[in-house]
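Participant: My structure file run-v1.cif, mmCIF, C-alpha atoms, is below:
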```
data_model
#
loop_
_atom_site.label_atom_id
_atom_site.label_comp_id
_atom_site.auth_asym_id
_atom_site.auth_seq_id
_atom_site.Cartn_x
_atom_site.Cartn_y
_atom_site.Cartn_z
CA MET A 1 -36.69 28.20 -13.58
CA SER A 2 -34.64 30.89 -11.96
CA ALA A 3 -30.90 30.48 -11.85
CA ALA A 4 -30.38 32.87 -8.99
CA THR A 5 -32.23 31.07 -6.19
CA PRO A 6 -30.10 28.15 -5.10
CA ILE A 7 -31.70 27.38 -1.74
CA MET A 8 -35.11 25.87 -1.11
CA LYS A 9 -35.86 27.08 2.36
CA SER A 10 -39.03 25.13 3.08
CA ARG A 11 -37.44 21.75 2.41
CA ILE A 12 -36.81 19.65 5.49
CA ARG A 13 -35.08 16.80 3.77
CA ALA A 14 -33.26 17.53 0.53
CA GLN A 15 -34.74 15.80 -2.52
CA ASN A 16 -31.42 14.17 -3.31
CA ASP A 17 -30.96 12.79 0.21
CA LEU A 18 -32.86 9.56 -0.33
CA GLY A 19 -30.94 7.06 1.81
CA GLY A 20 -33.36 4.78 3.62
CA GLU A 21 -36.45 5.89 1.71
CA PRO A 22 -38.48 3.12 0.11
CA ALA A 23 -37.30 2.98 -3.49
CA GLY A 24 -37.21 -0.67 -4.53
CA PRO A 25 -34.11 -2.50 -5.65
CA VAL A 26 -31.10 -0.62 -6.96
CA ASP A 27 -30.81 -0.61 -10.76
CA ARG A 28 -27.35 -2.04 -11.36
CA ASP A 29 -27.46 -1.83 -15.14
CA THR A 30 -24.35 -0.34 -16.69
CA HIS A 31 -23.63 0.95 -20.16
CA GLU A 32 -20.72 2.43 -22.07
CA PRO A 33 -20.64 6.23 -21.74
CA THR A 34 -22.49 7.81 -24.65
CA LEU A 35 -21.02 10.65 -26.70
CA PHE A 36 -23.40 13.02 -24.94
CA GLU A 37 -22.26 11.85 -21.50
CA LYS A 38 -18.60 12.16 -22.45
CA ARG A 39 -19.14 15.67 -23.74
CA VAL A 40 -20.93 16.77 -20.60
CA ASP A 41 -18.17 15.28 -18.50
CA ALA A 42 -15.51 17.03 -20.59
CA VAL A 43 -17.24 20.41 -20.37
CA PHE A 44 -17.64 19.99 -16.63
CA ARG A 45 -13.97 19.18 -16.11
CA LEU A 46 -12.85 22.09 -18.25
CA LEU A 47 -14.93 24.45 -16.13
CA VAL A 48 -14.00 23.03 -12.72
CA GLU A 49 -10.29 22.41 -13.10
CA PRO A 50 -7.50 24.97 -13.48
CA PRO A 51 -6.90 27.22 -15.29
CA VAL A 52 -10.62 27.99 -15.59
CA ALA A 53 -11.81 26.80 -12.15
CA LEU A 54 -15.06 28.71 -12.55
CA PHE A 55 -16.87 26.82 -9.80
CA THR A 56 -16.33 23.84 -7.51
CA VAL A 57 -17.84 20.40 -7.59
CA ASP A 58 -19.57 21.45 -4.36
CA ALA A 59 -21.34 24.28 -6.15
CA GLN A 60 -22.34 21.89 -8.88
CA ARG A 61 -23.77 19.48 -6.28
CA ARG A 62 -25.68 22.32 -4.63
CA VAL A 63 -27.26 23.39 -7.92
CA PHE A 64 -27.85 19.78 -8.95
CA GLU A 65 -29.69 19.13 -5.69
CA THR A 66 -31.91 22.19 -5.80
CA VAL A 67 -33.39 22.02 -9.28
CA PRO A 68 -37.20 21.89 -9.25
CA PRO A 69 -38.55 18.46 -8.23
CA GLU A 70 -40.03 17.76 -11.67
CA VAL A 71 -36.61 18.33 -13.22
CA TYR A 72 -34.87 16.23 -10.57
CA LYS A 73 -37.26 13.33 -11.14
CA THR A 74 -37.35 13.30 -14.93
CA TYR A 75 -33.84 14.22 -16.05
CA LYS A 76 -31.23 11.54 -16.46
CA TYR A 77 -28.02 11.82 -14.47
CA TYR A 78 -25.92 13.58 -17.11
CA GLU A 79 -28.84 15.70 -18.15
CA LEU A 80 -28.88 17.00 -14.59
CA TRP A 81 -25.14 17.61 -14.85
CA LEU A 82 -25.66 19.66 -17.97
CA GLU A 83 -28.56 21.54 -16.42
CA SER A 84 -26.39 22.38 -13.40
CA ILE A 85 -23.62 23.58 -15.73
CA ARG A 86 -26.11 25.84 -17.51
CA LEU A 87 -27.36 27.26 -14.21
CA LEU A 88 -23.84 27.87 -12.93
CA LEU A 89 -22.70 29.56 -16.14
CA ILE A 90 -25.62 31.95 -15.72
CA GLU A 91 -25.07 32.33 -11.97
CA LYS A 92 -21.42 33.26 -12.56
CA GLY A 93 -22.34 35.67 -15.34
CA VAL A 94 -20.45 33.80 -18.07
CA LEU A 95 -23.53 33.34 -20.24
CA ALA A 96 -26.95 34.94 -20.24
CA GLN A 97 -30.01 32.83 -20.96
CA ALA A 98 -30.73 35.10 -23.92
CA GLU A 99 -27.35 34.20 -25.44
CA ILE A 100 -28.03 30.50 -24.97
CA ASP A 101 -31.47 30.88 -26.53
CA ALA A 102 -29.99 32.82 -29.45
CA LYS A 103 -27.39 30.12 -30.10
CA ILE A 104 -30.03 27.40 -30.06
CA ALA A 105 -32.21 29.42 -32.40
CA ALA A 106 -29.26 29.82 -34.76
CA PHE A 107 -28.67 26.07 -34.77
CA GLU A 108 -32.32 25.43 -35.45
CA ARG A 109 -32.37 27.93 -38.32
CA SER A 110 -29.35 26.30 -39.92
CA GLY A 111 -31.04 22.94 -39.70
CA ALA A 112 -28.12 21.60 -37.71
CA SER A 113 -28.85 20.43 -34.22
CA PRO A 114 -25.90 18.10 -34.22
CA ALA A 115 -25.09 17.73 -30.56
CA LEU A 116 -28.57 16.67 -29.60
CA GLU A 117 -29.27 14.34 -32.49
CA ARG A 118 -26.04 12.43 -32.34
CA SER A 119 -25.78 12.28 -28.60
CA GLY A 120 -28.91 10.44 -27.70
CA ALA A 121 -30.00 13.20 -25.37
CA SER A 122 -33.60 12.84 -24.29
CA PRO A 123 -36.50 15.04 -25.38
CA ALA A 124 -36.61 16.38 -21.81
CA LEU A 125 -33.47 18.35 -22.59
CA ASP A 126 -34.92 19.63 -25.80
CA ARG A 127 -37.87 21.02 -23.93
CA ALA A 128 -35.70 22.62 -21.30
CA GLY A 129 -34.10 24.57 -24.08
CA ALA A 130 -30.55 25.25 -23.16
CA PRO A 131 -28.28 22.33 -22.85
CA ALA A 132 -26.99 21.60 -26.35
CA THR A 133 -24.96 24.76 -26.35
CA PRO A 134 -21.83 23.95 -24.35
CA ALA A 135 -21.36 20.64 -26.09
CA ALA A 136 -22.02 22.18 -29.48
CA ALA A 137 -19.40 24.84 -28.85
CA HIS A 138 -16.80 22.14 -28.62
CA ARG A 139 -17.44 20.66 -32.00
CA MET B 1 -12.69 20.23 18.44
CA SER B 2 -10.54 17.22 18.09
CA LEU B 3 -11.95 13.72 18.32
CA ARG B 4 -9.84 10.65 18.90
CA GLU B 5 -9.97 7.23 17.33
CA GLY B 6 -12.40 4.92 19.10
CA GLN B 7 -14.38 7.78 20.58
CA THR B 8 -18.16 7.53 20.55
CA VAL B 9 -19.89 10.40 18.81
CA HIS B 10 -23.38 11.66 18.02
CA VAL B 11 -24.22 13.11 14.64
CA LYS B 12 -25.99 16.39 15.18
CA THR B 13 -29.63 16.60 14.16
CA MET B 14 -29.23 19.84 12.26
CA VAL B 15 -31.40 20.50 9.20
CA PRO B 16 -29.50 23.25 7.38
CA THR B 17 -31.15 25.12 4.54
CA GLY B 18 -28.07 25.01 2.36
CA HIS B 19 -25.87 22.34 0.82
CA CYS B 20 -24.40 19.75 3.17
CA ARG B 21 -22.77 16.35 2.91
CA THR B 22 -24.20 14.58 5.97
CA PRO B 23 -26.90 12.08 4.97
CA TYR B 24 -30.28 12.57 6.60
CA TYR B 25 -30.41 8.98 7.86
CA LEU B 26 -27.28 9.48 9.98
CA ARG B 27 -28.47 12.56 11.82
CA GLY B 28 -29.06 11.90 15.49
CA LYS B 29 -27.25 8.54 15.28
CA THR B 30 -24.34 7.31 17.34
CA GLY B 31 -21.11 5.97 15.89
CA THR B 32 -17.43 5.45 16.59
CA ILE B 33 -14.54 7.49 15.23
CA GLU B 34 -12.45 5.28 13.01
CA ALA B 35 -9.95 7.74 11.61
CA ASP B 36 -9.04 11.40 11.28
CA LEU B 37 -8.84 11.97 7.52
CA GLY B 38 -7.33 15.43 7.69
CA ALA B 39 -8.65 18.97 7.24
CA PHE B 40 -10.46 20.03 4.09
CA LEU B 41 -12.05 23.18 2.75
CA ASN B 42 -15.64 23.27 3.98
CA PRO B 43 -17.90 22.04 1.15
CA GLU B 44 -20.90 23.82 2.68
CA GLU B 45 -19.09 27.09 1.95
CA LEU B 46 -17.47 26.08 -1.34
CA ALA B 47 -20.95 25.31 -2.66
CA TYR B 48 -21.68 29.07 -2.60
CA HIS B 49 -18.43 30.17 -4.25
CA LYS B 50 -16.86 31.07 -0.88
CA SER B 51 -13.31 30.26 0.23
CA GLY B 52 -14.22 27.22 2.34
CA LEU B 53 -12.05 28.51 5.19
CA PRO B 54 -11.58 27.66 7.98
CA LYS B 55 -10.89 24.09 6.99
CA LYS B 56 -12.86 21.37 8.74
CA ILE B 57 -11.55 18.04 9.94
CA LEU B 58 -13.14 15.11 8.18
CA TYR B 59 -13.66 11.97 10.28
CA ARG B 60 -14.38 8.44 9.21
CA VAL B 61 -17.19 7.22 11.47
CA ARG B 62 -18.47 3.67 11.82
CA PHE B 63 -22.09 2.87 12.65
CA ASP B 64 -23.86 -0.39 13.44
CA GLN B 65 -26.35 -1.09 10.65
CA LYS B 66 -28.76 -2.43 13.26
CA HIS B 67 -28.66 0.96 14.96
CA LEU B 68 -29.41 2.81 11.72
CA TRP B 69 -32.15 0.46 10.51
CA PRO B 70 -34.05 -1.27 13.33
CA ARG B 71 -35.21 -4.13 11.09
CA TYR B 72 -31.74 -4.78 9.69
CA PRO B 73 -31.18 -8.57 9.78
CA SER B 74 -27.57 -8.74 10.96
CA ALA B 75 -26.16 -7.31 14.15
CA ARG B 76 -22.61 -7.61 12.82
CA ASP B 77 -22.68 -5.37 9.77
CA THR B 78 -21.49 -1.81 9.96
CA LEU B 79 -21.59 1.26 7.77
CA VAL B 80 -18.77 3.76 7.38
CA ALA B 81 -19.34 7.41 6.55
CA ASP B 82 -17.03 10.42 6.26
CA ILE B 83 -18.43 13.26 8.36
CA TYR B 84 -17.09 16.75 9.03
CA GLU B 85 -16.23 17.79 12.57
CA HIS B 86 -18.94 20.41 12.93
CA TRP B 87 -21.55 17.68 12.49
CA LEU B 88 -20.19 15.59 15.37
CA GLU B 89 -20.27 15.84 19.14
CA PRO B 90 -18.76 13.50 21.74
CA ALA B 91 -21.26 11.03 23.21
CA GLY B 92 -21.36 9.62 26.72
CA ALA B 93 -22.02 5.88 26.56
CA ALA B 94 -19.89 3.49 24.54
CA PRO B 95 -21.91 1.63 21.88
CA ALA B 96 -19.25 -1.09 21.74
CA LYS B 97 -20.97 -2.85 24.66
CA ARG B 98 -24.36 -2.71 22.98
CA ALA B 99 -22.92 -4.09 19.74
CA ALA B 100 -21.11 -6.94 21.43
CA ALA B 101 -24.14 -8.00 23.49
CA LYS B 102 -26.33 -8.94 20.54
CA PRO B 103 -24.17 -11.47 18.68
CA ALA B 104 -23.38 -13.14 21.99
CA LYS B 105 -27.10 -13.65 22.64
CA ARG B 106 -27.69 -15.13 19.21
CA THR B 107 -24.89 -17.60 19.67
CA ALA B 108 -26.31 -18.58 23.02
CA ALA B 109 -29.61 -19.43 21.40
CA ARG B 110 -27.95 -22.00 19.15
CA THR B 111 -25.67 -23.81 21.56
CA LYS B 112 -25.79 -22.81 25.15
CA ALA B 113 -22.69 -24.74 26.16
CA LYS B 114 -20.39 -23.20 23.57
CA ALA B 115 -21.85 -19.80 23.96
CA LYS B 116 -20.16 -18.92 27.19
CA ARG B 117 -16.78 -20.07 26.04
CA ARG B 118 -17.15 -18.13 22.83
CA ALA B 119 -18.36 -14.99 24.50
CA THR B 120 -15.38 -14.86 26.79
CA ALA B 121 -12.65 -16.21 24.55
CA LYS B 122 -13.56 -15.24 21.02
CA THR B 123 -16.01 -12.39 20.83
CA LYS B 124 -13.66 -9.48 20.97
CA PRO B 125 -11.07 -10.24 18.29
CA THR B 126 -13.34 -12.13 15.88
CA SER B 127 -16.22 -9.74 15.84
CA LYS B 128 -13.93 -6.80 15.36
CA ALA B 129 -12.10 -8.40 12.47
CA LYS B 130 -15.35 -9.35 10.74
CA ARG B 131 -16.85 -5.96 11.25
CA THR B 132 -13.83 -4.31 9.73
CA ALA B 133 -13.76 -6.62 6.74
CA ARG B 134 -17.46 -6.13 6.08
CA GLY B 135 -17.26 -2.41 6.52
CA ARG B 136 -14.47 -2.06 3.99
CA ARG B 137 -16.48 -3.74 1.30
CA ARG B 138 -19.20 -1.14 1.43
#
```
Spit out the file's structure as structure tokens when you get a sec.

Facilitator:
Amino acid sequence: MSAATPIMKSRIRAQNDLGGEPAGPVDRDTHEPTLFEKRVDAVFRLLVEPPVALFTVDAQRRVFETVPPEVYKTYKYYELWLESIRLLLIEKGVLAQAEIDAKIAAFERSGASPALERSGASPALDRAGAPATPAAAHR
Amino acid sequence: MSLREGQTVHVKTMVPTGHCRTPYYLRGKTGTIEADLGAFLNPEELAYHKSGLPKKILYRVRFDQKHLWPRYPSARDTLVADIYEHWLEPAGAAPAKRAAAKPAKRTAARTKAKAKRRATAKTKPTSKAKRTARGRRR
């Protein structure tokens, strides 16, 4: 997917704007935040709040809302957060996809893919490629 | 544009291509201004790394659930949403009358004798208090 095209012009109703659509009962299950979720949250806060303040929560929402429909439907909530962080880091020129790919490749070569394995992240993330990197950098 | 508390407003039926914070199901609906929450940087601009200026006034607007969802079972429940000023425009008719008419009719169906007394004596304060209490919980 391209990081540089935030707006879907043909969409009449945004894919995230579901209020009133038939969707069955609300899932009210709760769980303790996983290590993966805490890490994503921490990375997000470090990027949004001063002194970094790289982007706003509004920008994150915009990116979150405009990922391709198959991503929006299959990713879990914090996986979407991490995907939006990846897209914004690229959009703002902080990281290039090639750098992210190289870091992942390095992890794979070393046999250590610690962030993913210990975090309970889903295989969907693995396929998407990028997301372990920011969390891994904080180890 | 400055809107005052108690004023009836329409939510504009815009369908912007970019990021916005006004739910689709509220567009084109009529509500009542409950409070002026102050001016904030415009999230529709912040979403694209812009300054967000000029600031926009954010209003708390109350809607009748029955108005939003025609098959909604209760005529008393309301929904509160925070909506930015550029999404709102003043409306002509007051929906307060429409809202008050329905519970009065239902009461009348149960006990005709009490209904009239209730409608005149009780309807205004009670229904408002209940609506507020219910709205807060949401």

Participant: Near chain A, which residues of chain B fall within 12 Å when you count all atoms listed in the file, and what do they look like as a PDB file with C-alpha atoms, keeping the file's coordinate frame?

Facilitator:
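What follows is the written file result_12.pdb:
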```pdb
ATOM      1  CA  THR B  13     -29.630  16.600  14.160  1.00  0.00           C
ATOM      2  CA  MET B  14     -29.230  19.840  12.260  1.00  0.00           C
ATOM      3  CA  VAL B  15     -31.400  20.500   9.200  1.00  0.00           C
ATOM      4  CA  PRO B  16     -29.500  23.250   7.380  1.00  0.00           C
ATOM      5  CA  THR B  17     -31.150  25.120   4.540  1.00  0.00           C
ATOM      6  CA  GLY B  18     -28.070  25.010   2.360  1.00  0.00           C
ATOM      7  CA  HIS B  19     -25.870  22.340   0.820  1.00  0.00           C
ATOM      8  CA  CYS B  20     -24.400  19.750   3.170  1.00  0.00           C
ATOM      9  CA  ARG B  21     -22.770  16.350   2.910  1.00  0.00           C
ATOM     10  CA  THR B  22     -24.200  14.580   5.970  1.00  0.00           C
ATOM     11  CA  PRO B  23     -26.900  12.080   4.970  1.00  0.00           C
ATOM     12  CA  TYR B  24     -30.280  12.570   6.600  1.00  0.00           C
ATOM     13  CA  TYR B  25     -30.410   8.980   7.860  1.00  0.00           C
ATOM     14  CA  LEU B  26     -27.280   9.480   9.980  1.00  0.00           C
ATOM     15  CA  ARG B  27     -28.470  12.560  11.820  1.00  0.00           C
ATOM     16  CA  LEU B  41     -12.050  23.180   2.750  1.00  0.00           C
ATOM     17  CA  ASN B  42     -15.640  23.270   3.980  1.00  0.00           C
ATOM     18  CA  PRO B  43     -17.900  22.040   1.150  1.00  0.00           C
ATOM     19  CA  GLU B  44     -20.900  23.820   2.680  1.00  0.00           C
ATOM     20  CA  GLU B  45     -19.090  27.090   1.950  1.00  0.00           C
ATOM     21  CA  LEU B  46     -17.470  26.080  -1.340  1.00  0.00           C
ATOM     22  CA  ALA B  47     -20.950  25.310  -2.660  1.00  0.00           C
ATOM     23  CA  TYR B  48     -21.680  29.070  -2.600  1.00  0.00           C
ATOM     24  CA  HIS B  49     -18.430  30.170  -4.250  1.00  0.00           C
ATOM     25  CA  LYS B  50     -16.860  31.070  -0.880  1.00  0.00           C
ATOM     26  CA  SER B  51     -13.310  30.260   0.230  1.00  0.00           C
ATOM     27  CA  GLY B  52     -14.220  27.220   2.340  1.00  0.00           C
ATOM     28  CA  GLN B  65     -26.350  -1.090  10.650  1.00  0.00           C
ATOM     29  CA  LEU B  68     -29.410   2.810  11.720  1.00  0.00           C
ATOM     30  CA  TRP B  69     -32.150   0.460  10.510  1.00  0.00           C
ATOM     31  CA  PRO B  70     -34.050  -1.270  13.330  1.00  0.00           C
ATOM     32  CA  ARG B  71     -35.210  -4.130  11.090  1.00  0.00           C
ATOM     33  CA  TYR B  72     -31.740  -4.780   9.690  1.00  0.00           C
TER      34      TYR B  72
END
```

Participant: Neighbouring residues of Tyr59 of chain B were defined as those with any atom within 12 Å, considering all atoms listed in the file; residues of the same chain fewer than 2 positions away were excluded. Please report them as a PyMOL selection string.

Facilitator: chain B and resi 1-7+9+11+22+31-40+56-57+61-62+80-89

Participant: I need the residue set behind the PyMOL selection byres ((chain A and resi 85) around 12) for this file; please write it as a PyMOL selection string.

Facilitator: chain A and resi 3+40-48+54-57+59-64+67+78-84+86-92+94-95+130-135

Participant: What does the structure give for the distance between atom CA of Leu53 of chain B and atom CA of Leu79 of chain B, in Å to one decimal?

Facilitator: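 Spanning atom CA of Leu53 of chain B to atom CA of Leu79 of chain B is a straight-line distance of 29.0 Å.
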
Participant: Work out how far atom CA of Thr78 of chain B is from atom CA of Lys66 of chain B, in Å to one decimal.

Facilitator: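 It comes out at 8.0 Å.
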
Participant: What is the atom CA of Ala91 of chain B to atom CA of Ala75 of chain B distance in Å?

Facilitator: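 Pair atom CA of Ala91 of chain B / atom CA of Ala75 of chain B returns 21.0 Å.
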
Participant: Could you write segment 40-71 of chain A as a JSON list (two decimals), in the coordinates of the input, with N, CA and C atoms rebuilt where they are missing?

Facilitator:
```json
[["chain", "number", "residue", "atom", "x", "y", "z"],
["A", 40, "VAL", "N", -20.55, 16.06, -21.82],
["A", 40, "VAL", "CA", -20.93, 16.77, -20.60],
["A", 40, "VAL", "C", -19.80, 16.68, -19.58],
["A", 41, "ASP", "N", -19.26, 15.49, -19.44],
["A", 41, "ASP", "CA", -18.17, 15.28, -18.50],
["A", 41, "ASP", "C", -16.97, 16.16, -18.85],
["A", 42, "ALA", "N", -16.65, 16.23, -20.14],
["A", 42, "ALA", "CA", -15.51, 17.03, -20.59],
["A", 42, "ALA", "C", -15.74, 18.52, -20.30],
["A", 43, "VAL", "N", -16.93, 19.00, -20.61],
["A", 43, "VAL", "CA", -17.24, 20.41, -20.37],
["A", 43, "VAL", "C", -17.13, 20.71, -18.87],
["A", 44, "PHE", "N", -17.67, 19.80, -18.08],
["A", 44, "PHE", "CA", -17.64, 19.99, -16.63],
["A", 44, "PHE", "C", -16.19, 20.09, -16.13],
["A", 45, "ARG", "N", -15.36, 19.16, -16.58],
["A", 45, "ARG", "CA", -13.97, 19.18, -16.11],
["A", 45, "ARG", "C", -13.24, 20.44, -16.54],
["A", 46, "LEU", "N", -13.51, 20.87, -17.77],
["A", 46, "LEU", "CA", -12.85, 22.09, -18.25],
["A", 46, "LEU", "C", -13.24, 23.30, -17.40],
["A", 47, "LEU", "N", -14.47, 23.30, -16.91],
["A", 47, "LEU", "CA", -14.93, 24.45, -16.13],
["A", 47, "LEU", "C", -14.46, 24.39, -14.67],
["A", 48, "VAL", "N", -14.31, 23.18, -14.15],
["A", 48, "VAL", "CA", -14.00, 23.03, -12.72],
["A", 48, "VAL", "C", -12.50, 23.08, -12.44],
["A", 49, "GLU", "N", -11.72, 22.53, -13.37],
["A", 49, "GLU", "CA", -10.29, 22.41, -13.10],
["A", 49, "GLU", "C", -9.54, 23.65, -13.56],
["A", 50, "PRO", "N", -8.33, 23.87, -13.00],
["A", 50, "PRO", "CA", -7.50, 24.97, -13.48],
["A", 50, "PRO", "C", -7.20, 24.78, -14.97],
["A", 51, "PRO", "N", -6.98, 25.82, -15.72],
["A", 51, "PRO", "CA", -6.90, 27.22, -15.29],
["A", 51, "PRO", "C", -8.26, 27.92, -15.16],
["A", 52, "VAL", "N", -9.33, 27.30, -15.61],
["A", 52, "VAL", "CA", -10.62, 27.99, -15.59],
["A", 52, "VAL", "C", -11.17, 28.06, -14.16],
["A", 53, "ALA", "N", -11.34, 26.90, -13.54],
["A", 53, "ALA", "CA", -11.81, 26.80, -12.15],
["A", 53, "ALA", "C", -12.93, 27.80, -11.86],
["A", 54, "LEU", "N", -13.95, 27.75, -12.68],
["A", 54, "LEU", "CA", -15.06, 28.71, -12.55],
["A", 54, "LEU", "C", -15.90, 28.44, -11.31],
["A", 55, "PHE", "N", -16.11, 27.18, -11.00],
["A", 55, "PHE", "CA", -16.87, 26.82, -9.80],
["A", 55, "PHE", "C", -16.34, 25.49, -9.28],
["A", 56, "THR", "N", -16.79, 25.09, -8.12],
["A", 56, "THR", "CA", -16.33, 23.84, -7.51],
["A", 56, "THR", "C", -17.36, 22.74, -7.74],
["A", 57, "VAL", "N", -16.91, 21.53, -7.50],
["A", 57, "VAL", "CA", -17.84, 20.40, -7.59],
["A", 57, "VAL", "C", -18.92, 20.55, -6.52],
["A", 58, "ASP", "N", -18.58, 21.23, -5.43],
["A", 58, "ASP", "CA", -19.57, 21.45, -4.36],
["A", 58, "ASP", "C", -20.69, 22.37, -4.84],
["A", 59, "ALA", "N", -20.31, 23.39, -5.60],
["A", 59, "ALA", "CA", -21.34, 24.28, -6.15],
["A", 59, "ALA", "C", -22.21, 23.52, -7.14],
["A", 60, "GLN", "N", -21.57, 22.67, -7.92],
["A", 60, "GLN", "CA", -22.34, 21.89, -8.88],
["A", 60, "GLN", "C", -23.32, 20.97, -8.15],
["A", 61, "ARG", "N", -22.88, 20.35, -7.07],
["A", 61, "ARG", "CA", -23.77, 19.48, -6.28],
["A", 61, "ARG", "C", -24.93, 20.29, -5.74],
["A", 62, "ARG", "N", -24.63, 21.48, -5.21],
["A", 62, "ARG", "CA", -25.68, 22.32, -4.63],
["A", 62, "ARG", "C", -26.76, 22.65, -5.67],
["A", 63, "VAL", "N", -26.30, 23.03, -6.87],
["A", 63, "VAL", "CA", -27.26, 23.39, -7.92],
["A", 63, "VAL", "C", -28.02, 22.14, -8.39],
["A", 64, "PHE", "N", -27.29, 21.08, -8.56],
["A", 64, "PHE", "CA", -27.85, 19.78, -8.95],
["A", 64, "PHE", "C", -28.98, 19.36, -8.00],
["A", 65, "GLU", "N", -28.75, 19.59, -6.71],
["A", 65, "GLU", "CA", -29.69, 19.13, -5.69],
["A", 65, "GLU", "C", -30.92, 20.02, -5.55],
["A", 66, "THR", "N", -30.82, 21.24, -6.06],
["A", 66, "THR", "CA", -31.91, 22.19, -5.80],
["A", 66, "THR", "C", -32.67, 22.58, -7.06],
["A", 67, "VAL", "N", -32.53, 21.77, -8.12],
["A", 67, "VAL", "CA", -33.39, 22.02, -9.28],
["A", 67, "VAL", "C", -34.83, 21.69, -8.87],
["A", 68, "PRO", "N", -35.81, 22.20, -9.60],
["A", 68, "PRO", "CA", -37.20, 21.89, -9.25],
["A", 68, "PRO", "C", -37.44, 20.37, -9.26],
["A", 69, "PRO", "N", -38.32, 19.91, -8.37],
["A", 69, "PRO", "CA", -38.55, 18.46, -8.23],
["A", 69, "PRO", "C", -38.89, 17.76, -9.55],
["A", 70, "GLU", "N", -39.65, 18.43, -10.42],
["A", 70, "GLU", "CA", -40.03, 17.76, -11.67],
["A", 70, "GLU", "C", -38.81, 17.56, -12.56],
["A", 71, "VAL", "N", -37.86, 18.49, -12.47],
["A", 71, "VAL", "CA", -36.61, 18.33, -13.22],
["A", 71, "VAL", "C", -35.78, 17.22, -12.59]]
```
